[in-house]
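upload_6.txt follows; it contains compact mmCIF, C-alpha atoms and all ligand atoms.
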# COMPACT_ATOMS: atom_id res chain seq x y z
CA MET L 1458 -4.23 -15.85 -2.36
CA PHE L 1459 -6.32 -12.81 -1.47
CA TYR L 1460 -9.60 -13.46 0.30
CA LYS L 1461 -12.43 -11.38 1.71
CA ASP L 1462 -12.68 -11.29 5.50
CA GLY L 1463 -15.47 -9.03 6.81
CA ILE L 1464 -14.82 -5.51 5.56
CA LEU L 1465 -11.20 -6.32 4.69
CA THR L 1466 -9.28 -8.23 2.06
CA ARG L 1467 -6.38 -10.30 3.35
CA SER L 1468 -3.61 -12.38 1.79
CA ASP L 1469 -2.85 -15.82 3.18
CA ILE L 1470 0.83 -15.23 2.39
CA LEU L 1471 1.02 -12.83 5.37
CA ASN L 1472 -0.88 -15.00 7.81
CA ILE L 1473 1.98 -15.74 10.18
CA PRO L 1474 1.71 -16.02 13.97
CA GLY L 1475 1.89 -12.67 15.74
CA VAL L 1476 1.10 -10.57 12.67
CA ARG L 1477 -2.27 -9.13 11.57
CA HIS L 1478 -2.89 -7.22 8.36
CA GLY L 1479 -5.64 -6.10 6.00
CA PHE L 1480 -6.58 -3.97 3.03
CA SER L 1481 -9.80 -1.95 3.06
CA SER L 1482 -12.16 -0.99 0.24
CA ARG L 1483 -14.92 1.64 0.44
CA GLU L 1484 -17.02 -0.72 2.53
CA GLY L 1485 -17.86 -0.64 6.24
CA GLY L 1486 -17.31 2.95 7.35
CA VAL L 1487 -19.37 5.94 8.48
CA SER L 1488 -18.52 8.62 5.88
CA ALA L 1489 -21.73 9.91 4.32
CA LEU L 1490 -20.52 12.14 1.47
CA PRO L 1491 -21.09 10.70 -2.02
CA HIS L 1492 -17.36 10.59 -2.80
CA THR L 1493 -16.09 9.44 0.60
CA ALA L 1494 -18.78 6.91 1.53
CA SER L 1495 -18.03 5.01 3.48
CA LEU L 1496 -14.59 3.99 4.88
CA ASN L 1497 -12.50 7.03 3.94
CA LEU L 1498 -9.27 7.18 5.96
CA SER L 1499 -8.06 10.71 5.11
CA ASP L 1500 -9.12 13.84 6.94
CA ASN L 1501 -8.48 16.34 4.14
CA LEU L 1502 -11.01 15.05 1.62
CA GLY L 1503 -14.18 16.58 3.06
CA ASP L 1504 -15.12 14.35 5.99
CA PRO L 1505 -15.18 15.87 9.50
CA PRO L 1506 -12.17 14.72 11.57
CA GLU L 1507 -14.34 12.77 14.03
CA VAL L 1508 -15.83 10.75 11.15
CA VAL L 1509 -12.35 9.90 9.86
CA ARG L 1510 -11.19 8.89 13.33
CA GLN L 1511 -14.23 6.66 13.67
CA ASN L 1512 -13.34 5.03 10.33
CA ARG L 1513 -9.77 4.65 11.50
CA ASP L 1514 -10.99 2.89 14.67
CA ILE L 1515 -13.18 0.52 12.61
CA PHE L 1516 -10.24 -0.23 10.32
CA ALA L 1517 -7.69 -0.74 13.12
CA ARG L 1518 -9.96 -3.12 15.02
CA ALA L 1519 -10.67 -5.12 11.85
CA VAL L 1520 -6.98 -5.34 10.89
CA SER L 1521 -5.89 -6.45 14.36
CA ASP L 1522 -8.87 -8.74 15.10
CA SER L 1523 -9.61 -6.30 17.96
CA LEU L 1524 -6.18 -6.91 19.52
CA CYS L 1525 -5.50 -3.19 19.26
CA GLY L 1526 -7.51 -0.04 18.72
CA GLY L 1527 -7.12 3.11 16.68
CA GLY L 1528 -4.52 4.57 19.04
CA ALA L 1529 -1.90 2.16 17.61
CA THR L 1530 -2.11 3.60 14.09
CA VAL L 1531 0.44 5.76 12.30
CA SER L 1532 -0.03 7.58 9.02
CA ALA L 1533 2.15 10.16 7.32
CA HIS L 1534 1.87 12.67 4.53
CA GLN L 1535 2.81 10.61 1.47
CA ILE L 1536 5.10 12.29 -1.06
CA HIS L 1537 5.74 9.70 -3.80
CA SER L 1538 9.28 9.09 -2.56
CA SER L 1539 11.26 5.97 -1.63
CA ARG L 1540 11.55 7.12 1.99
CA VAL L 1541 10.82 4.38 4.55
CA ARG L 1542 10.55 5.41 8.20
CA LEU L 1543 11.42 3.27 11.20
CA LEU L 1544 8.53 3.21 13.69
CA THR L 1545 8.49 2.51 17.42
CA ARG L 1546 5.63 2.52 19.90
CA GLU L 1547 6.41 6.21 20.43
CA ASN L 1548 4.97 6.95 16.99
CA ALA L 1549 1.56 5.42 17.72
CA GLY L 1550 -1.24 7.92 17.10
CA GLU L 1551 0.66 10.07 14.59
CA GLY L 1552 -1.43 11.35 11.73
CA TYR L 1553 -4.82 10.81 13.37
CA ASP L 1554 -4.70 11.56 17.10
CA ARG L 1555 -1.83 14.03 16.85
CA PRO L 1556 0.14 15.67 14.05
CA ALA L 1557 1.86 13.42 11.55
CA GLY L 1558 5.61 12.87 11.87
CA GLU L 1559 8.06 13.13 9.00
CA ASP L 1560 6.73 12.77 5.47
CA GLY L 1561 7.38 9.46 3.78
CA ASP L 1562 5.92 6.57 1.80
CA GLY L 1563 6.87 3.57 3.84
CA PHE L 1564 7.23 2.27 7.36
CA VAL L 1565 9.16 -0.56 8.95
CA THR L 1566 8.94 -1.82 12.52
CA ALA L 1567 9.76 -4.74 14.76
CA GLU L 1568 7.71 -3.42 17.69
CA PRO L 1569 4.27 -4.70 18.63
CA PHE L 1570 1.15 -2.53 18.77
CA VAL L 1571 2.19 0.12 16.29
CA MET L 1572 0.19 -0.12 13.05
CA PRO L 1573 1.40 1.73 9.95
CA ILE L 1574 -1.42 2.62 7.56
CA ILE L 1575 -0.70 3.26 3.88
CA ARG L 1576 -3.43 5.25 2.10
CA THR L 1577 -4.20 4.82 -1.58
CA ALA L 1578 -6.79 5.30 -4.31
CA ASP L 1579 -5.12 3.71 -7.43
CA CYS L 1580 -1.50 3.68 -6.19
CA VAL L 1581 0.00 0.37 -5.08
CA PRO L 1582 -0.09 -0.58 -1.37
CA ILE L 1583 2.41 -3.30 -0.41
CA LEU L 1584 2.57 -5.01 3.00
CA PHE L 1585 5.54 -7.12 4.11
CA ALA L 1586 6.21 -9.56 6.93
CA GLY L 1587 9.27 -11.60 7.85
CA ARG L 1588 11.10 -13.02 10.85
CA ARG L 1589 14.32 -12.61 12.76
CA PRO L 1590 16.37 -15.70 13.61
CA ASP L 1591 14.71 -15.75 17.08
CA GLY L 1592 11.30 -15.98 15.39
CA SER L 1593 10.15 -12.45 16.22
CA PRO L 1594 8.32 -10.68 13.37
CA VAL L 1595 9.38 -7.62 11.37
CA VAL L 1596 6.78 -5.84 9.23
CA ALA L 1597 6.72 -3.08 6.64
CA ALA L 1598 4.17 -1.16 4.57
CA VAL L 1599 4.74 1.01 1.51
CA HIS L 1600 2.86 3.33 -0.82
CA ALA L 1601 4.10 2.77 -4.36
CA GLY L 1602 2.63 5.12 -6.93
CA TRP L 1603 4.53 5.10 -10.21
CA ARG L 1604 7.15 7.49 -8.83
CA GLY L 1605 7.71 5.49 -5.65
CA THR L 1606 7.65 2.27 -7.67
CA VAL L 1607 10.44 3.30 -10.04
CA ALA L 1608 12.32 4.92 -7.14
CA GLY L 1609 12.44 1.36 -5.75
CA ILE L 1610 10.47 1.77 -2.53
CA ALA L 1611 9.60 -1.95 -2.48
CA ALA L 1612 13.31 -2.87 -2.51
CA GLU L 1613 14.00 -0.20 0.11
CA ALA L 1614 11.44 -1.84 2.44
CA VAL L 1615 13.22 -5.20 2.03
CA ARG L 1616 16.59 -3.61 2.74
CA ARG L 1617 15.25 -1.90 5.87
CA MET L 1618 13.67 -5.13 7.14
CA GLU L 1619 17.02 -6.88 6.72
CA ALA L 1620 18.70 -4.02 8.61
CA LEU L 1621 16.41 -4.88 11.55
CA GLY L 1622 17.73 -8.45 11.51
CA CYS L 1623 14.99 -9.98 9.39
CA GLY L 1624 16.15 -12.89 7.22
CA ARG L 1625 15.55 -12.09 3.55
CA GLU L 1626 14.45 -15.65 2.87
CA THR L 1627 11.61 -15.21 5.39
CA ILE L 1628 10.16 -12.07 3.79
CA ARG L 1629 6.73 -12.26 2.13
CA ALA L 1630 4.88 -9.43 0.37
CA ALA L 1631 1.21 -8.80 -0.43
CA VAL L 1632 0.40 -6.28 -3.16
CA GLY L 1633 -3.05 -4.81 -2.58
CA ALA L 1634 -5.64 -3.58 -5.10
CA HIS L 1635 -4.38 -0.78 -7.37
CA ILE L 1636 -5.01 0.53 -10.86
CA GLY L 1637 -4.44 -2.39 -13.22
CA PHE L 1638 -2.71 -2.65 -16.59
CA CYS L 1639 -6.27 -2.85 -17.97
CA CYS L 1640 -6.95 0.80 -17.05
CA TYR L 1641 -3.67 2.60 -16.55
CA GLU L 1642 -3.36 4.52 -19.81
CA VAL L 1643 -0.30 6.79 -19.89
CA GLY L 1644 1.27 9.46 -22.11
CA GLU L 1645 4.69 9.83 -23.70
CA ASP L 1646 5.97 12.00 -20.83
CA PHE L 1647 5.25 9.11 -18.46
CA VAL L 1648 7.15 6.66 -20.68
CA GLU L 1649 10.08 9.07 -20.81
CA ALA L 1650 10.12 9.37 -17.01
CA ILE L 1651 10.17 5.58 -16.64
CA ARG L 1652 13.01 5.29 -19.19
CA GLU L 1653 14.97 7.90 -17.33
CA ALA L 1654 14.46 6.21 -13.95
CA ARG L 1655 14.92 2.54 -14.92
CA GLY L 1656 16.18 2.39 -18.50
CA THR L 1657 14.61 1.70 -21.87
CA ALA L 1658 14.34 -2.08 -21.47
CA PHE L 1659 12.43 -1.72 -18.18
CA ALA L 1660 10.10 0.84 -19.77
CA GLU L 1661 9.48 -1.47 -22.74
CA ARG L 1662 8.70 -4.41 -20.49
CA HIS L 1663 6.19 -2.55 -18.37
CA VAL L 1664 4.64 0.13 -20.60
CA ARG L 1665 2.99 -1.55 -23.57
CA ALA L 1666 0.06 -1.49 -25.94
CA VAL L 1667 -2.95 -3.47 -24.74
CA GLU L 1668 -3.35 -6.54 -26.93
CA GLY L 1669 -5.85 -5.95 -29.73
CA SER L 1670 -5.95 -2.17 -29.26
CA PRO L 1671 -6.22 -0.07 -32.43
CA ALA L 1672 -3.04 1.45 -33.90
CA GLY L 1673 -2.27 4.83 -32.35
CA SER L 1674 -3.83 3.93 -28.97
CA ARG L 1675 -1.96 5.14 -25.94
CA PRO L 1676 0.07 2.53 -24.07
CA HIS L 1677 -0.78 1.22 -20.60
CA ALA L 1678 1.56 0.90 -17.63
CA ASP L 1679 1.90 -2.25 -15.56
CA LEU L 1680 2.61 -1.22 -11.96
CA THR L 1681 2.21 -4.83 -10.82
CA GLY L 1682 4.93 -6.02 -13.21
CA MET L 1683 7.25 -3.18 -12.23
CA ASN L 1684 6.97 -3.98 -8.52
CA LEU L 1685 7.33 -7.74 -9.09
CA GLU L 1686 10.54 -7.14 -11.04
CA ILE L 1687 11.92 -4.77 -8.38
CA LEU L 1688 11.04 -7.23 -5.60
CA ALA L 1689 12.68 -10.11 -7.51
CA GLU L 1690 15.85 -8.03 -7.88
CA ALA L 1691 15.74 -7.48 -4.11
CA GLY L 1692 15.64 -11.25 -3.59
CA ILE L 1693 11.89 -11.65 -3.10
CA GLY L 1694 10.83 -13.93 -5.94
CA ALA L 1695 7.30 -14.15 -7.31
CA SER L 1696 6.52 -17.27 -5.24
CA ARG L 1697 6.81 -15.10 -2.12
CA VAL L 1698 4.63 -12.28 -3.44
CA ASP L 1699 0.83 -12.34 -3.56
CA VAL L 1700 -0.97 -9.86 -5.83
CA SER L 1701 -4.60 -8.80 -5.45
CA PRO L 1702 -6.55 -9.50 -8.64
CA ALA L 1703 -8.68 -6.36 -8.18
CA CYS L 1704 -8.24 -3.20 -10.25
CA THR L 1705 -9.34 -0.10 -8.33
CA MET L 1706 -10.57 1.60 -11.50
CA CYS L 1707 -12.61 -1.37 -12.78
CA ASP L 1708 -14.03 -2.39 -9.42
CA GLU L 1709 -16.30 0.26 -7.95
CA ALA L 1710 -16.04 -1.18 -4.47
CA HIS L 1711 -12.79 0.82 -4.38
CA TYR L 1712 -11.95 4.51 -4.42
CA SER L 1713 -10.18 5.33 -7.68
CA HIS L 1714 -8.45 8.66 -8.29
CA ARG L 1715 -8.85 8.25 -12.06
CA ARG L 1716 -12.38 6.89 -12.22
CA MET L 1717 -13.63 9.47 -9.68
CA LYS L 1718 -11.64 12.30 -11.29
CA GLY L 1719 -9.79 13.15 -8.10
CA VAL L 1720 -12.93 13.54 -5.94
CA ARG L 1721 -12.66 10.48 -3.74
CA GLY L 1722 -11.69 9.05 -0.36
CA VAL L 1723 -8.75 6.79 0.42
CA MET L 1724 -8.45 3.14 1.36
CA GLY L 1725 -6.06 1.75 3.94
CA ALA L 1726 -3.49 -1.02 4.07
CA GLY L 1727 -2.41 -1.79 7.61
CA ILE L 1728 -0.15 -4.29 9.35
CA VAL L 1729 0.69 -4.79 13.01
CA ILE L 1730 2.62 -7.13 15.24
CA CYS L 1731 0.39 -8.39 18.07
CA ALA L 1732 1.52 -10.69 20.83
CA ASP L 1733 -0.23 -13.98 20.09
ZN ZN L 1801 -8.98 -1.96 -14.68

Just give me the structure of the file as structure tokens.
Amino acid sequence: MFYKDGILTRSDILNIPGVRHGFSSREGGVSALPHTASLNLSDNLGDPPEVVRQNRDIFARAVSDSLCGGGATVSAHQIHSSRVRLLTRENAGEGYDRPAGEDGDGFVTAEPFVMPIIRTADCVPILFAGRRPDGSPVVAAVHAGWRGTVAGIAAEAVRRMEALGCGRETIRAAVGAHIGFCCYEVGEDFVEAIREARGTAFAERHVRAVEGSPAGSRPHADLTGMNLEILAEAGIGASRVDVSPACTMCDEAHYSHRRMKGVRGVMGAGIVICAD
């Protein structure tokens, strides 16, 4: 279940000892521009870099319950791929305090005090946590737009967590606020791309007419359903996945690329291992 906790939203499914996580909305930051107010976490959308770093510090402290500061964070240039990067403490600070490392759309780590931040404004942020046989946590975070979703980035995160010794049966996932089936109208080229990537049956299951819509209406895409199916295939059944009920386009507490016609800030999804 997702619940509000200060400026963040959290999922109880990820509340395990030694792990802190959170999803931000627009709330609680210091950006003053109409489109970035107030907790924008990207420095190429109009806010001065010092404002973005201040937002990043606010976000990092909230996510970690003040167990770590902004210096622990890592962000990368996101490219709508299925590339998941392994992080160590060495990566801390990338993307905010020093240049970003390699491009990619996901991160996995078993080290404490390094906090990957996924940045979205309609795309799907997914946070993961699991355990090794000795009880030590492994965490991951991914950015799943439609391209990353059908490229299977959620399954790639699971595979990479297992490669770090994490038991698959321990892995839980929280899917943060993203554009919902209610709002995600798509064109025929989109449907074709989904068919090509995942087959016709997958496209039919997840790109459909909205019930009661007039004949000739454009179909809507269900990014939630796509990711749930891909996670289930990877061995993470629906009972181990929590999905935020919020739609970023419907709910104006969020930045939405579509609703704001591209002039917007970005929200963060962060997760970190902290010694408890
Ligand atoms: Zn909606």

Mind listing as an mmCIF file with C-alpha atoms, in the frame of the given file all residues within 7 Å of (3.5, 0.8, 0.4), counting all atoms listed in the file?
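Here's the written file part27.cif:
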data_model
loop_
_atom_site.group_PDB
_atom_site.id
_atom_site.type_symbol
_atom_site.label_atom_id
_atom_site.label_comp_id
_atom_site.auth_asym_id
_atom_site.auth_seq_id
_atom_site.Cartn_x
_atom_site.Cartn_y
_atom_site.Cartn_z
ATOM 1 C CA ASP L 1562 5.920 6.570 1.800
ATOM 2 C CA GLY L 1563 6.870 3.570 3.840
ATOM 3 C CA ILE L 1575 -0.700 3.260 3.880
ATOM 4 C CA VAL L 1581 0.000 0.370 -5.080
ATOM 5 C CA PRO L 1582 -0.090 -0.580 -1.370
ATOM 6 C CA ILE L 1583 2.410 -3.300 -0.410
ATOM 7 C CA LEU L 1584 2.570 -5.010 3.000
ATOM 8 C CA ALA L 1598 4.170 -1.160 4.570
ATOM 9 C CA VAL L 1599 4.740 1.010 1.510
ATOM 10 C CA HIS L 1600 2.860 3.330 -0.820
ATOM 11 C CA ALA L 1601 4.100 2.770 -4.360
#

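Between ligand ZN 1801 (chain L) and the residues L:Glu1690, L:Glu1642, L:Glu1668, L:Asp1522, the shortest atom-to-atom distance, using all atoms listed in the file, involves L:Glu1642.
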
List all protein, DNA and RNA residues that have any atom at most 8 Å from ligand ZN 1801 (chain L), counting all atoms listed in the file, and write the list as a PDB file with C-alpha atoms, keeping the file's coordinate frame.
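Wrote it out as selection-v6.pdb, contents follow:
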ATOM      1  CA  ILE L1636      -5.010   0.530 -10.860  1.00  0.00           C
ATOM      2  CA  GLY L1637      -4.440  -2.390 -13.220  1.00  0.00           C
ATOM      3  CA  PHE L1638      -2.710  -2.650 -16.590  1.00  0.00           C
ATOM      4  CA  CYS L1639      -6.270  -2.850 -17.970  1.00  0.00           C
ATOM      5  CA  CYS L1640      -6.950   0.800 -17.050  1.00  0.00           C
ATOM      6  CA  TYR L1641      -3.670   2.600 -16.550  1.00  0.00           C
ATOM      7  CA  ALA L1703      -8.680  -6.360  -8.180  1.00  0.00           C
ATOM      8  CA  CYS L1704      -8.240  -3.200 -10.250  1.00  0.00           C
ATOM      9  CA  THR L1705      -9.340  -0.100  -8.330  1.00  0.00           C
ATOM     10  CA  MET L1706     -10.570   1.600 -11.500  1.00  0.00           C
ATOM     11  CA  CYS L1707     -12.610  -1.370 -12.780  1.00  0.00           C
ATOM     12  CA  ASP L1708     -14.030  -2.390  -9.420  1.00  0.00           C
TER      13      ASP L1708
END

(request) Name the residues in contact with Pro1569 (chain L) at a cut-off of 8 Å, using all atoms listed in the file, excluding same-chain residues fewer than 5 positions from it; report them as a ChimeraX atom specification. (result) /L:1546,1729-1732

(request) Find the spatial neighbours of region 1529-1543 of chain L, counting all atoms listed in the file, within a cut-off of 7 Å - ignore same-chain residues fewer than 5 positions away - and output them as a PyMOL selection string. (result) chain L and resi 1548-1552+1557-1566+1570-1575+1602+1604-1605+1608-1610+1613-1614

(request) Would you please work out which residue, of L:Ser1495, L:Thr1545, L:Ser1696, L:Asn1501, is nearest to Ile1515 (chain L) when using all atoms listed in the file? (result) L:Ser1495

(message) Report, in Å to a single decimal, how far apart CA of Leu1496 (chain L) and CA of His1478 (chain L) are.
(response) 16.6 Å

(request) Using only C-alpha atoms, determine which residues lie at most 6 Å from region 1622-1628 of chain L, disregarding the query and same-chain residues fewer than 4 positions distant; provide the list as a PyMOL selection string. (result) chain L and resi 1586-1589+1618

Just-selected residues, C-alpha atoms written as a short mmCIF file (atom, residue, chain, number, x, y, z; two decimals), in the coordinates of the input:
data_model
loop_
_atom_site.label_atom_id
_atom_site.label_comp_id
_atom_site.auth_asym_id
_atom_site.auth_seq_id
_atom_site.Cartn_x
_atom_site.Cartn_y
_atom_site.Cartn_z
CA ALA L 1586 6.21 -9.56 6.93
CA GLY L 1587 9.27 -11.60 7.85
CA ARG L 1588 11.10 -13.02 10.85
CA ARG L 1589 14.32 -12.61 12.76
CA MET L 1618 13.67 -5.13 7.14
#

(request) Please identify all polymer residues lying at most 10 Å from the point (-16.8, 12.4, 1.1) (file coordinates), using all atoms listed in the file, and present the result as a ChimeraX atom specification. (result) /L:1488-1497,1499-1505,1720-1723

(message) Using all atoms listed in the file, can you tell me which of L:Ala1666, L:Leu1498, L:Ala1658, L:Ala1612 comes closest to Ala1597 (chain L)?
(response) L:Ala1612

(request) Would you work out the distance separating CA of Gly1527 (chain L) from CA of Asn1512 (chain L), expressed in Å to one decimal? (result)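 We find that CA of Gly1527 (chain L) and CA of Asn1512 (chain L) lie 9.1 Å from each other.
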
(message) One number please: CA of Glu1645 (chain L) to CA of Thr1577 (chain L), in Å, one decimal.
(response)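 These atoms are spaced 24.4 Å apart.
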
(message) So, with all atoms listed in the file as the atoms that count, which of L:His1635, L:Pro1676, L:Glu1547, L:Ser1482 lies closest to Arg1715 (chain L)?
(response)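 For Arg1715 (chain L), the nearest of the given residues is L:His1635.
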
(request) Would you please work out which residue, of L:Ser1701, L:Ala1650, L:Ala1611, L:Arg1617, is nearest to Leu1685 (chain L) when using only C-alpha atoms? (result)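 For Leu1685 (chain L), the nearest of the given residues is L:Ala1611.
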
Specify the axis-aligned box that encloses all atoms of region 1664-1680 of chain L listed in the file after padding of 6 Å on each side, stating its centre and edge lengths in Å to one decimal as JSON.
{"center_x": -0.8, "center_y": -0.7, "center_z": -22.9, "size_x": 22.9, "size_y": 23.7, "size_z": 33.9}
